[in-house]
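Shown next, in C-alpha cells, is the structure this report addresses.
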Amino acid sequence: MSQTKRTLHTSTPLMYSTSMSRQAGCNVWLKLENMQPTQSFKIRGIGNLCVQALAEHGTSHFIAIGDTNTALAVAYSARQLGVAATVFVPASGGTAPPIRAKIELEGAAIVENGRTLRDAYAAACAFAEKTAGAFVVDSADAAAVVAGNATVAAEINVQLQQQKPAAVVTTVGSGGLLAGLISGLQQCGWQRVPVIAVETHNTNSFQQALLADDERPGAATSDAPSLLPPLESGAEPDCDIRTGPSGRSGCDGTRDSGTRSEPTVATCLLAGATSERAVELTREHPVVPLSVTEAMAVDACRRLLDNHQLLVEVGSAAALSVVGKGLLRQIVPSLGPRCHVVVVVTGGANISFDRLDACRQRFPFPAPIIAKSGQEIFMRMLDSALPTAASDLGAISSQVKP
C-alpha cells in the first residue's frame, strides 16, 4: 500500500447515551474521539497531513510546538511512519503537564526553549531552517488537515445508517475540526444540519472571529499559527490552568485571537488563531456559536466519568454541557424523541483524575448555567431550574446562517 493511502487514525465508536437522551428528550449519540490512539481527534487531520508530507515531500523530520494534543499526534504519526519528531516547548520549571510523558513515549525529542510558546516557536522555525527534510506542523487550515477531520462526518453517516442528525455538537478551538466537520457534512448531503460550536467564555476566540468577520468580512483571522495555543503562553502550570488568549501581537505583528487574559481550565480550546477555512464555511453552513462557563464544562466532565466511565479533557466536555444542562432543546426547539443529535467527544490526553479533581475544587456545584452566543447572554439560570419549554431564541437564531 502506498504512503498516500495510509491511514493513521481509527474509526471510533458512536455510542448511544441513555442518560443524556433522557435529559435531552431525543436520541443523543457520542462520537468517541477519545478512543483514538492519541486520545483525541487530532490524529485524523495531523496524521493525514504527515502521511501526505512524507509521500509528496520526502519529509524526514516532523516538528511540533507545545505540550499539546497536536504535538502528541505529530509524535505518534512520526513513529508510525518511521521518521524523527522534535517538539519544542517553553521551560517547564521542573513541572511538566501529563501529556509530556505521552509525547516522549512516542519517541519524540523534547527541546525546552525560552519562557513562552513564542520563544519555542521561534526555536522550532530556526531548527527547521537548518534541518534537511524538516516539516513544521502548525496550521489547521492545511487541506490535508481539513480532509482528515472530515472523516468524522463520513463515519457518523455510516454509523447512523444515513439517518440525518438534527444537529451535531462539537467544541471548537482553532477551528480545524469544525472546518472538517462542515466539509464532511456537506459531502454527506447534510448541508442543512446545524453545527453547535461550543467554547468556554475564557476561550471564545472562534466567536470573536465570527464577530470580527461580520464587521469586516475576510478579516477575522490572524496569520499566527492556528494549531498552537496563544504564543504568549508559557509552560502550563499544574492543575490544568494557564493563561487564556491575550490579544497581543503575533510574531509577525498580526493580532492573535483575542479575549481577556484570564485563567482557564479548558486549555485544549486555546488557539493562537482561528482557521480561516472554518470562518469561510460558516457563511454557507448553519453554525451556532455558543460559549459556556468553565464550571459547566468541569461538571460535564465529571458526569461523563460517572455515567460512562470516560475521562476527557475539560475543554472537550464543554460540548457535553450543552446536552447535559438542558440547553439543547433551547437551541433546536423542534427536537423530538425520534431525532438524533451527535456530540463529538473530542477527547484530549492532557487529563488525569488528580487534574479533574483540582479543577472541580475551583468551582461551586451544582454549576449555574450561563451560556452566550456572540456578545449576548443566551441563558442564565441555576442548575435546579432547567428549562421545560423553548425560550427566546433571538440571540441564537441571529447567528444561524440560512
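Ordered as shown in the C-alpha cells, chains take letters A, B, and onward, while each chain numbers its residues from 1 and ligands are numbered from 1 in the order shown.
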If you take only C-alpha atoms and a cut-off of 10 Å, which residues of range 96-194 of chain A touch range 11-16 of chain A, and what are their nearest atom pairs and distances in Å to one decimal, in chain and number order, as a Markdown table?
```
| residue | atom | partner | partner_atom | distance |
| --- | --- | --- | --- | --- |
| A:Thr151 | CA | A:Ser11 | CA | 8.8 |
| A:Val152 | CA | A:Ser11 | CA | 8.3 |
| A:Glu155 | CA | A:Ser11 | CA | 7.1 |
| A:Ile156 | CA | A:Leu14 | CA | 7.2 |
| A:Gln159 | CA | A:Leu14 | CA | 6.8 |
| A:Leu160 | CA | A:Leu14 | CA | 8.4 |
```
Could you give me, as CSV, every range 141-182 of chain A residue with an atom at most 12 Å from range 53-67 of chain A, plus its closest atom pair and distance in Å to one decimal, counting only C-alpha atoms, rows ordered by chain then number?
```
residue,atom,partner,partner_atom,distance
A:Ala142,CA,A:Ala53,CA,11.2
A:Ala143,CA,A:Ala53,CA,11.8
A:Ala144,CA,A:Ala53,CA,9.4
A:Val145,CA,A:Ala53,CA,11.4
```
Dump C-alpha atoms for the selected residues as a short mmCIF file (atom, residue, chain, number, x, y, z; two decimals), in the first residue's frame?
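Dumped everything to again03.cif:
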```cif
data_model
loop_
_atom_site.label_atom_id
_atom_site.label_comp_id
_atom_site.auth_asym_id
_atom_site.auth_seq_id
_atom_site.Cartn_x
_atom_site.Cartn_y
_atom_site.Cartn_z
CA ALA A 142 -3.94 22.81 5.63
CA ALA A 143 -6.17 20.97 3.15
CA ALA A 144 -4.92 17.62 4.42
CA VAL A 145 -5.89 18.52 8.00
#
```
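Distance check against Leu269 in chain A using only C-alpha atoms: of A:Lys372, A:Arg302, A:His308, A:His201, the minimum falls on A:His201.
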*Which polymer residues have any atom within 7 Å of an atom of Val28 in chain A, counting only C-alpha atoms, with same-chain residues fewer than 6 positions away left out, as a list in words?*
Tyr16, Ser17, Met20, Ser21, His340, Val341 and Val342 of chain A
_Shell around Ala317 in chain A at 7 Å using only C-alpha atoms, local window under 3 positions removed, as an MDAnalysis selection string_ = chainID A and resid 297 300:301 312:314 320:321
Selected residues, C-alpha atoms, written as an mmCIF file, in the first residue's frame, please.
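File produced: out.cif:
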```cif
data_model
loop_
_atom_site.group_PDB
_atom_site.id
_atom_site.type_symbol
_atom_site.label_atom_id
_atom_site.label_comp_id
_atom_site.auth_asym_id
_atom_site.auth_seq_id
_atom_site.Cartn_x
_atom_site.Cartn_y
_atom_site.Cartn_z
ATOM 1 C CA ALA A 297 -17.560 22.102 31.394
ATOM 2 C CA ALA A 300 -19.996 17.752 32.341
ATOM 3 C CA CYS A 301 -16.554 16.162 32.524
ATOM 4 C CA VAL A 312 -11.649 13.519 28.770
ATOM 5 C CA GLU A 313 -10.162 16.983 28.984
ATOM 6 C CA VAL A 314 -12.348 19.690 30.482
ATOM 7 C CA LEU A 320 -21.405 17.766 26.600
ATOM 8 C CA SER A 321 -22.577 20.541 28.917
#
```
With a cut-off of 9 Å, could you pull out the residues of range 110-141 of chain A touching range 271-285 of chain A and give me the nearest pair of atoms for each, distance in Å to one decimal, using only C-alpha atoms, ordered by chain and ascending number, as CSV?
```
residue,atom,partner,partner_atom,distance
A:Ser139,CA,A:Ser275,CA,8.2
A:Ala140,CA,A:Ser275,CA,6.1
A:Asp141,CA,A:Ser275,CA,5.7
```
Report as a PDB file with all heavy atoms, in the first residue's frame all protein, DNA and RNA residues lying within 9 Å of Met296 in chain A, evaluated on only C-alpha atoms, omitting residues in the same chain fewer than 3 positions from it.
```
ATOM      1  N   THR A 200     -15.618  27.839  25.856  1.00  0.00           N
ATOM      2  CA  THR A 200     -15.877  28.427  27.167  1.00  0.00           C
ATOM      3  C   THR A 200     -15.733  29.942  27.038  1.00  0.00           C
ATOM      4  O   THR A 200     -15.148  30.445  26.069  1.00  0.00           O
ATOM      5  CB  THR A 200     -14.906  27.897  28.239  1.00  0.00           C
ATOM      6  OG1 THR A 200     -13.564  28.276  27.898  1.00  0.00           O
ATOM      7  CG2 THR A 200     -15.008  26.380  28.352  1.00  0.00           C
ATOM      8  N   VAL A 292     -19.921  28.534  27.091  1.00  0.00           N
ATOM      9  CA  VAL A 292     -20.452  28.140  28.399  1.00  0.00           C
ATOM     10  C   VAL A 292     -19.412  28.432  29.463  1.00  0.00           C
ATOM     11  O   VAL A 292     -18.247  28.704  29.171  1.00  0.00           O
ATOM     12  CB  VAL A 292     -20.814  26.630  28.405  1.00  0.00           C
ATOM     13  CG1 VAL A 292     -21.886  26.332  27.367  1.00  0.00           C
ATOM     14  CG2 VAL A 292     -19.578  25.769  28.160  1.00  0.00           C
ATOM     15  N   THR A 293     -19.838  28.366  30.713  1.00  0.00           N
ATOM     16  CA  THR A 293     -18.893  28.592  31.793  1.00  0.00           C
ATOM     17  C   THR A 293     -17.970  27.395  31.956  1.00  0.00           C
ATOM     18  O   THR A 293     -18.303  26.271  31.589  1.00  0.00           O
ATOM     19  CB  THR A 293     -19.618  28.824  33.137  1.00  0.00           C
ATOM     20  OG1 THR A 293     -20.286  27.617  33.513  1.00  0.00           O
ATOM     21  CG2 THR A 293     -20.621  29.956  33.034  1.00  0.00           C
ATOM     22  N   ASP A 299     -18.272  20.244  35.269  1.00  0.00           N
ATOM     23  CA  ASP A 299     -19.380  19.410  35.726  1.00  0.00           C
ATOM     24  C   ASP A 299     -19.714  18.339  34.684  1.00  0.00           C
ATOM     25  O   ASP A 299     -19.960  17.175  35.020  1.00  0.00           O
ATOM     26  CB  ASP A 299     -20.603  20.282  36.002  1.00  0.00           C
ATOM     27  CG  ASP A 299     -21.689  19.549  36.785  1.00  0.00           C
ATOM     28  OD1 ASP A 299     -21.351  18.565  37.477  1.00  0.00           O
ATOM     29  OD2 ASP A 299     -22.858  19.954  36.710  1.00  0.00           O
ATOM     30  N   ALA A 300     -19.716  18.717  33.406  1.00  0.00           N
ATOM     31  CA  ALA A 300     -19.996  17.752  32.341  1.00  0.00           C
ATOM     32  C   ALA A 300     -18.900  16.692  32.264  1.00  0.00           C
ATOM     33  O   ALA A 300     -19.178  15.517  31.986  1.00  0.00           O
ATOM     34  CB  ALA A 300     -20.118  18.477  31.006  1.00  0.00           C
ATOM     35  N   CYS A 301     -17.672  17.099  32.508  1.00  0.00           N
ATOM     36  CA  CYS A 301     -16.554  16.162  32.524  1.00  0.00           C
ATOM     37  C   CYS A 301     -16.756  15.122  33.629  1.00  0.00           C
ATOM     38  O   CYS A 301     -16.558  13.912  33.422  1.00  0.00           O
ATOM     39  CB  CYS A 301     -15.246  16.933  32.732  1.00  0.00           C
ATOM     40  SG  CYS A 301     -13.747  15.981  32.451  1.00  0.00           S
ATOM     41  N   ALA A 317     -15.288  18.486  27.261  1.00  0.00           N
ATOM     42  CA  ALA A 317     -16.590  18.289  27.907  1.00  0.00           C
ATOM     43  C   ALA A 317     -17.506  19.503  27.773  1.00  0.00           C
ATOM     44  O   ALA A 317     -18.697  19.411  28.089  1.00  0.00           O
ATOM     45  CB  ALA A 317     -16.394  17.945  29.381  1.00  0.00           C
ATOM     46  N   ALA A 318     -16.995  20.625  27.300  1.00  0.00           N
ATOM     47  CA  ALA A 318     -17.847  21.805  27.120  1.00  0.00           C
ATOM     48  C   ALA A 318     -19.018  21.488  26.188  1.00  0.00           C
ATOM     49  O   ALA A 318     -20.138  21.952  26.399  1.00  0.00           O
ATOM     50  CB  ALA A 318     -17.022  22.973  26.567  1.00  0.00           C
ATOM     51  N   SER A 321     -21.783  19.723  27.994  1.00  0.00           N
ATOM     52  CA  SER A 321     -22.577  20.541  28.917  1.00  0.00           C
ATOM     53  C   SER A 321     -23.813  21.118  28.240  1.00  0.00           C
ATOM     54  O   SER A 321     -24.810  21.409  28.892  1.00  0.00           O
ATOM     55  CB  SER A 321     -21.714  21.677  29.495  1.00  0.00           C
ATOM     56  OG  SER A 321     -21.449  22.673  28.518  1.00  0.00           O
ATOM     57  N   VAL A 322     -23.770  21.279  26.928  1.00  0.00           N
ATOM     58  CA  VAL A 322     -24.924  21.805  26.198  1.00  0.00           C
ATOM     59  C   VAL A 322     -26.079  20.812  26.252  1.00  0.00           C
ATOM     60  O   VAL A 322     -27.243  21.183  26.344  1.00  0.00           O
ATOM     61  CB  VAL A 322     -24.531  22.097  24.733  1.00  0.00           C
ATOM     62  CG1 VAL A 322     -25.752  22.506  23.917  1.00  0.00           C
ATOM     63  CG2 VAL A 322     -23.471  23.187  24.680  1.00  0.00           C
ATOM     64  N   LYS A 325     -27.088  20.035  30.355  1.00  0.00           N
ATOM     65  CA  LYS A 325     -27.700  21.141  31.087  1.00  0.00           C
ATOM     66  C   LYS A 325     -29.031  21.589  30.503  1.00  0.00           C
ATOM     67  O   LYS A 325     -29.577  22.618  30.897  1.00  0.00           O
ATOM     68  CB  LYS A 325     -26.735  22.334  31.133  1.00  0.00           C
ATOM     69  CG  LYS A 325     -25.502  22.088  31.991  1.00  0.00           C
ATOM     70  CD  LYS A 325     -25.855  21.899  33.449  1.00  0.00           C
ATOM     71  CE  LYS A 325     -24.610  21.774  34.304  1.00  0.00           C
ATOM     72  NZ  LYS A 325     -24.929  21.566  35.727  1.00  0.00           N
ATOM     73  N   PRO A 366     -23.968  22.506  42.478  1.00  0.00           N
ATOM     74  CA  PRO A 366     -24.122  22.393  41.030  1.00  0.00           C
ATOM     75  C   PRO A 366     -23.791  23.691  40.298  1.00  0.00           C
ATOM     76  O   PRO A 366     -23.967  24.776  40.850  1.00  0.00           O
ATOM     77  CB  PRO A 366     -25.592  22.026  40.852  1.00  0.00           C
ATOM     78  CG  PRO A 366     -26.260  22.577  42.057  1.00  0.00           C
ATOM     79  CD  PRO A 366     -25.267  22.423  43.183  1.00  0.00           C
ATOM     80  N   ALA A 367     -23.301  23.569  39.069  1.00  0.00           N
ATOM     81  CA  ALA A 367     -22.831  24.724  38.311  1.00  0.00           C
ATOM     82  C   ALA A 367     -24.008  25.520  37.759  1.00  0.00           C
ATOM     83  O   ALA A 367     -24.905  24.957  37.136  1.00  0.00           O
ATOM     84  CB  ALA A 367     -21.942  24.254  37.163  1.00  0.00           C
ATOM     85  N   PRO A 368     -24.039  26.833  37.983  1.00  0.00           N
ATOM     86  CA  PRO A 368     -25.086  27.652  37.358  1.00  0.00           C
ATOM     87  C   PRO A 368     -24.895  27.671  35.847  1.00  0.00           C
ATOM     88  O   PRO A 368     -23.781  27.504  35.346  1.00  0.00           O
ATOM     89  CB  PRO A 368     -24.850  29.041  37.966  1.00  0.00           C
ATOM     90  CG  PRO A 368     -23.409  29.044  38.353  1.00  0.00           C
ATOM     91  CD  PRO A 368     -23.095  27.640  38.771  1.00  0.00           C
ATOM     92  N   ILE A 369     -25.983  27.848  35.118  1.00  0.00           N
ATOM     93  CA  ILE A 369     -25.934  27.847  33.658  1.00  0.00           C
ATOM     94  C   ILE A 369     -25.842  29.278  33.151  1.00  0.00           C
ATOM     95  O   ILE A 369     -26.731  30.091  33.383  1.00  0.00           O
ATOM     96  CB  ILE A 369     -27.182  27.167  33.075  1.00  0.00           C
ATOM     97  CG1 ILE A 369     -27.271  25.729  33.565  1.00  0.00           C
ATOM     98  CG2 ILE A 369     -27.173  27.208  31.553  1.00  0.00           C
ATOM     99  CD1 ILE A 369     -28.569  25.053  33.210  1.00  0.00           C
ATOM    100  N   ILE A 370     -24.745  29.588  32.474  1.00  0.00           N
ATOM    101  CA  ILE A 370     -24.601  30.878  31.801  1.00  0.00           C
ATOM    102  C   ILE A 370     -24.039  30.588  30.418  1.00  0.00           C
ATOM    103  O   ILE A 370     -22.875  30.206  30.280  1.00  0.00           O
ATOM    104  CB  ILE A 370     -23.662  31.838  32.564  1.00  0.00           C
ATOM    105  CG1 ILE A 370     -24.140  32.043  34.001  1.00  0.00           C
ATOM    106  CG2 ILE A 370     -23.570  33.169  31.833  1.00  0.00           C
ATOM    107  CD1 ILE A 370     -23.220  32.913  34.836  1.00  0.00           C
TER     108      ILE A 370
END
```
_Between A:Thr131, A:Asn48, A:Gln361, A:Asn113, which residue has the minimum interatomic distance to Ala85 in chain A, considering only C-alpha atoms?_
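Looking at the shortest contact to Ala85 in chain A, the residue is A:Thr131.
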_Would you pick out the contacts of Gln191 in chain A at 10 Å or less, using only C-alpha atoms, so that residues sharing its chain but fewer than 4 positions from it are not included, and give the list as a ChimeraX atom specification?_
/A:182-187,284-286
_Residues near range 69-74 of chain A, cut-off 9 Å, only C-alpha atoms, skip fewer than 2 positions along chain, as an MDAnalysis selection string_ = chainID A and resid 37:44 46:47 50 62:67 76:79 85:87 99:100 102:104 106 108 137:138 227:228 268 348:350
Residue selection dump (N, CA, C and O atoms) as a compact mmCIF listing (two decimals), in the first residue's frame:
```txt
# COMPACT_ATOMS: atom_id res chain seq x y z
N PRO A 37 -5.86 6.48 18.95
CA PRO A 37 -4.57 6.09 19.55
C PRO A 37 -3.92 7.20 20.35
O PRO A 37 -3.17 6.92 21.30
N THR A 38 -4.20 8.45 20.00
CA THR A 38 -3.63 9.59 20.74
C THR A 38 -4.65 10.25 21.67
O THR A 38 -4.42 11.35 22.15
N GLN A 39 -5.79 9.59 21.87
CA GLN A 39 -6.85 10.03 22.76
C GLN A 39 -7.57 11.32 22.33
O GLN A 39 -8.30 11.92 23.11
N SER A 40 -7.36 11.76 21.08
CA SER A 40 -8.11 12.91 20.60
C SER A 40 -8.27 12.85 19.09
O SER A 40 -7.56 12.09 18.40
N PHE A 41 -9.18 13.65 18.57
CA PHE A 41 -9.46 13.71 17.13
C PHE A 41 -8.25 14.18 16.34
O PHE A 41 -8.18 13.98 15.11
N LYS A 42 -7.29 14.81 16.97
CA LYS A 42 -6.18 15.45 16.27
C LYS A 42 -5.46 14.52 15.30
O LYS A 42 -4.97 14.96 14.25
N ILE A 43 -5.41 13.23 15.60
CA ILE A 43 -4.68 12.31 14.74
C ILE A 43 -5.31 12.18 13.36
O ILE A 43 -4.63 11.83 12.39
N ARG A 44 -6.59 12.50 13.23
CA ARG A 44 -7.23 12.43 11.90
C ARG A 44 -6.57 13.42 10.94
O ARG A 44 -6.08 13.05 9.87
N ILE A 46 -3.92 15.62 11.58
CA ILE A 46 -2.45 15.64 11.68
C ILE A 46 -1.86 14.41 11.00
O ILE A 46 -0.87 14.50 10.27
N GLY A 47 -2.45 13.25 11.25
CA GLY A 47 -1.95 12.04 10.62
C GLY A 47 -2.03 12.11 9.11
O GLY A 47 -1.08 11.73 8.40
N CYS A 50 0.73 14.42 7.88
CA CYS A 50 2.07 13.82 7.96
C CYS A 50 2.27 12.77 6.88
O CYS A 50 3.35 12.68 6.27
N PHE A 62 9.54 15.64 11.53
CA PHE A 62 8.38 16.46 11.87
C PHE A 62 8.66 17.28 13.12
O PHE A 62 9.28 16.79 14.08
N ILE A 63 8.15 18.51 13.12
CA ILE A 63 8.40 19.43 14.24
C ILE A 63 7.06 19.97 14.74
O ILE A 63 6.20 20.40 13.96
N ALA A 64 6.87 19.95 16.05
CA ALA A 64 5.66 20.48 16.67
C ALA A 64 6.07 21.40 17.82
O ALA A 64 7.23 21.41 18.25
N ILE A 65 5.09 22.14 18.32
CA ILE A 65 5.37 23.12 19.37
C ILE A 65 4.35 22.97 20.48
O ILE A 65 3.15 22.92 20.23
N GLY A 66 4.84 22.91 21.72
CA GLY A 66 3.97 22.92 22.89
C GLY A 66 3.59 21.55 23.40
O GLY A 66 3.63 20.55 22.67
N ASP A 67 3.20 21.50 24.67
CA ASP A 67 2.69 20.26 25.28
C ASP A 67 1.20 20.14 24.94
O ASP A 67 0.33 20.40 25.79
N TYR A 76 3.13 10.63 17.44
CA TYR A 76 2.59 9.31 17.09
C TYR A 76 2.73 9.06 15.59
O TYR A 76 3.14 7.97 15.16
N SER A 77 2.39 10.06 14.78
CA SER A 77 2.48 9.92 13.33
C SER A 77 3.92 9.64 12.90
O SER A 77 4.17 8.78 12.04
N ALA A 78 4.85 10.37 13.49
CA ALA A 78 6.26 10.18 13.14
C ALA A 78 6.71 8.76 13.45
O ALA A 78 7.41 8.12 12.65
N ARG A 79 6.33 8.27 14.61
CA ARG A 79 6.73 6.90 14.97
C ARG A 79 6.12 5.88 14.03
O ARG A 79 6.77 4.93 13.60
N ALA A 85 10.88 13.02 15.13
CA ALA A 85 10.00 14.11 15.57
C ALA A 85 10.65 14.85 16.72
O ALA A 85 11.25 14.23 17.61
N THR A 86 10.54 16.17 16.70
CA THR A 86 11.03 17.01 17.78
C THR A 86 9.93 17.98 18.18
O THR A 86 9.29 18.59 17.32
N VAL A 87 9.71 18.11 19.48
CA VAL A 87 8.69 19.02 20.00
C VAL A 87 9.37 20.09 20.84
O VAL A 87 10.08 19.78 21.81
N ILE A 99 0.73 15.26 29.58
CA ILE A 99 0.85 14.90 28.18
C ILE A 99 2.31 14.81 27.73
O ILE A 99 2.64 14.14 26.76
N ARG A 100 3.22 15.48 28.45
CA ARG A 100 4.64 15.46 28.08
C ARG A 100 5.18 14.03 28.05
O ARG A 100 5.88 13.65 27.10
N LYS A 102 3.57 11.33 27.53
CA LYS A 102 2.98 10.58 26.43
C LYS A 102 3.67 10.94 25.11
O LYS A 102 3.85 10.07 24.24
N ILE A 103 4.04 12.20 24.96
CA ILE A 103 4.78 12.62 23.77
C ILE A 103 6.13 11.93 23.72
O ILE A 103 6.56 11.42 22.67
N GLU A 104 6.82 11.90 24.85
CA GLU A 104 8.13 11.26 24.91
C GLU A 104 8.01 9.76 24.68
O GLU A 104 8.90 9.15 24.06
N GLU A 106 6.14 8.28 22.68
CA GLU A 106 6.05 8.03 21.23
C GLU A 106 7.40 8.22 20.54
O GLU A 106 7.50 8.02 19.32
N ALA A 108 9.38 11.07 20.51
CA ALA A 108 9.75 12.42 20.09
C ALA A 108 10.78 13.01 21.05
O ALA A 108 10.74 12.78 22.26
N VAL A 137 4.59 21.40 11.75
CA VAL A 137 3.14 21.19 11.75
C VAL A 137 2.51 22.27 12.61
O VAL A 137 2.58 22.23 13.84
N ASP A 138 1.89 23.28 11.97
CA ASP A 138 1.38 24.41 12.76
C ASP A 138 0.10 25.03 12.21
O ASP A 138 -0.43 25.97 12.79
N LEU A 227 -2.57 25.99 14.89
CA LEU A 227 -2.52 24.75 15.66
C LEU A 227 -1.78 24.91 16.98
O LEU A 227 -1.53 23.94 17.67
N LEU A 228 -1.45 26.15 17.32
CA LEU A 228 -0.77 26.43 18.58
C LEU A 228 -1.68 27.22 19.51
O LEU A 228 -2.53 27.98 19.05
N CYS A 268 -7.33 22.90 26.13
CA CYS A 268 -7.31 22.34 24.77
C CYS A 268 -8.09 23.20 23.79
O CYS A 268 -8.03 22.96 22.58
N GLY A 348 -8.74 14.27 24.29
CA GLY A 348 -7.63 15.02 24.88
C GLY A 348 -6.87 14.18 25.87
O GLY A 348 -7.45 13.53 26.73
N ALA A 349 -5.54 14.20 25.74
CA ALA A 349 -4.69 13.35 26.57
C ALA A 349 -4.12 14.06 27.78
O ALA A 349 -3.44 13.44 28.60
N ASN A 350 -4.41 15.35 27.91
CA ASN A 350 -3.82 16.14 28.99
C ASN A 350 -4.76 16.21 30.19
O ASN A 350 -5.17 17.28 30.63
```
*Please identify which residues in range 1-109 of chain A DSSP calls strand (DSSP E or B) from the backbone, and express them as a list in words.*
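Result set for range 1-109 of chain A (strand (DSSP E or B)): Leu14, Met15, Tyr16, Asn27, Val28, Trp29, Leu30, Lys31, Leu32, Ser40, His61, Phe62, Ile63, Ala64, Ile65, Ala84, Ala85, Thr86, Val87, Phe88, Val89 and Ala109 of chain A.
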*Choose the residue, out of A:Val332, A:Cys188, A:Ala371, A:Leu311, that has the smallest atom-to-atom separation from Met35 in chain A; count only C-alpha atoms.*
A:Leu311
_Using DSSP secondary structure from the backbone, list all helix (DSSP H, G or I) positions within range 27-237 of chain A, as an MDAnalysis selection string._
chainID A and resid 33:35 42:57 69:81 98:105 117:129 143:159 176:187 201:203 205:215
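Closest approach to Leu181 in chain A among A:Gly82, A:Pro364, A:Gly45, A:Pro90 is made by A:Gly45 (distances from only C-alpha atoms).
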*Please, what distance in Å, to one decimal, runs between CA of Phe88 in chain A and CA of Ala109 in chain A?*
8.5 Å
*So, counting only C-alpha atoms, which residue among A:Ser19, A:Leu49, A:Arg338, A:Glu33 is closest to Phe135 in chain A?*
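Smallest distance to Phe135 in chain A is found for A:Leu49.
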*asked:* Please determine, counting only C-alpha atoms, which residue among A:Cys339, A:Gly107, A:Val345, A:Arg22 has the shortest atom-to-atom distance to Lys164 in chain A.
replied: A:Cys339
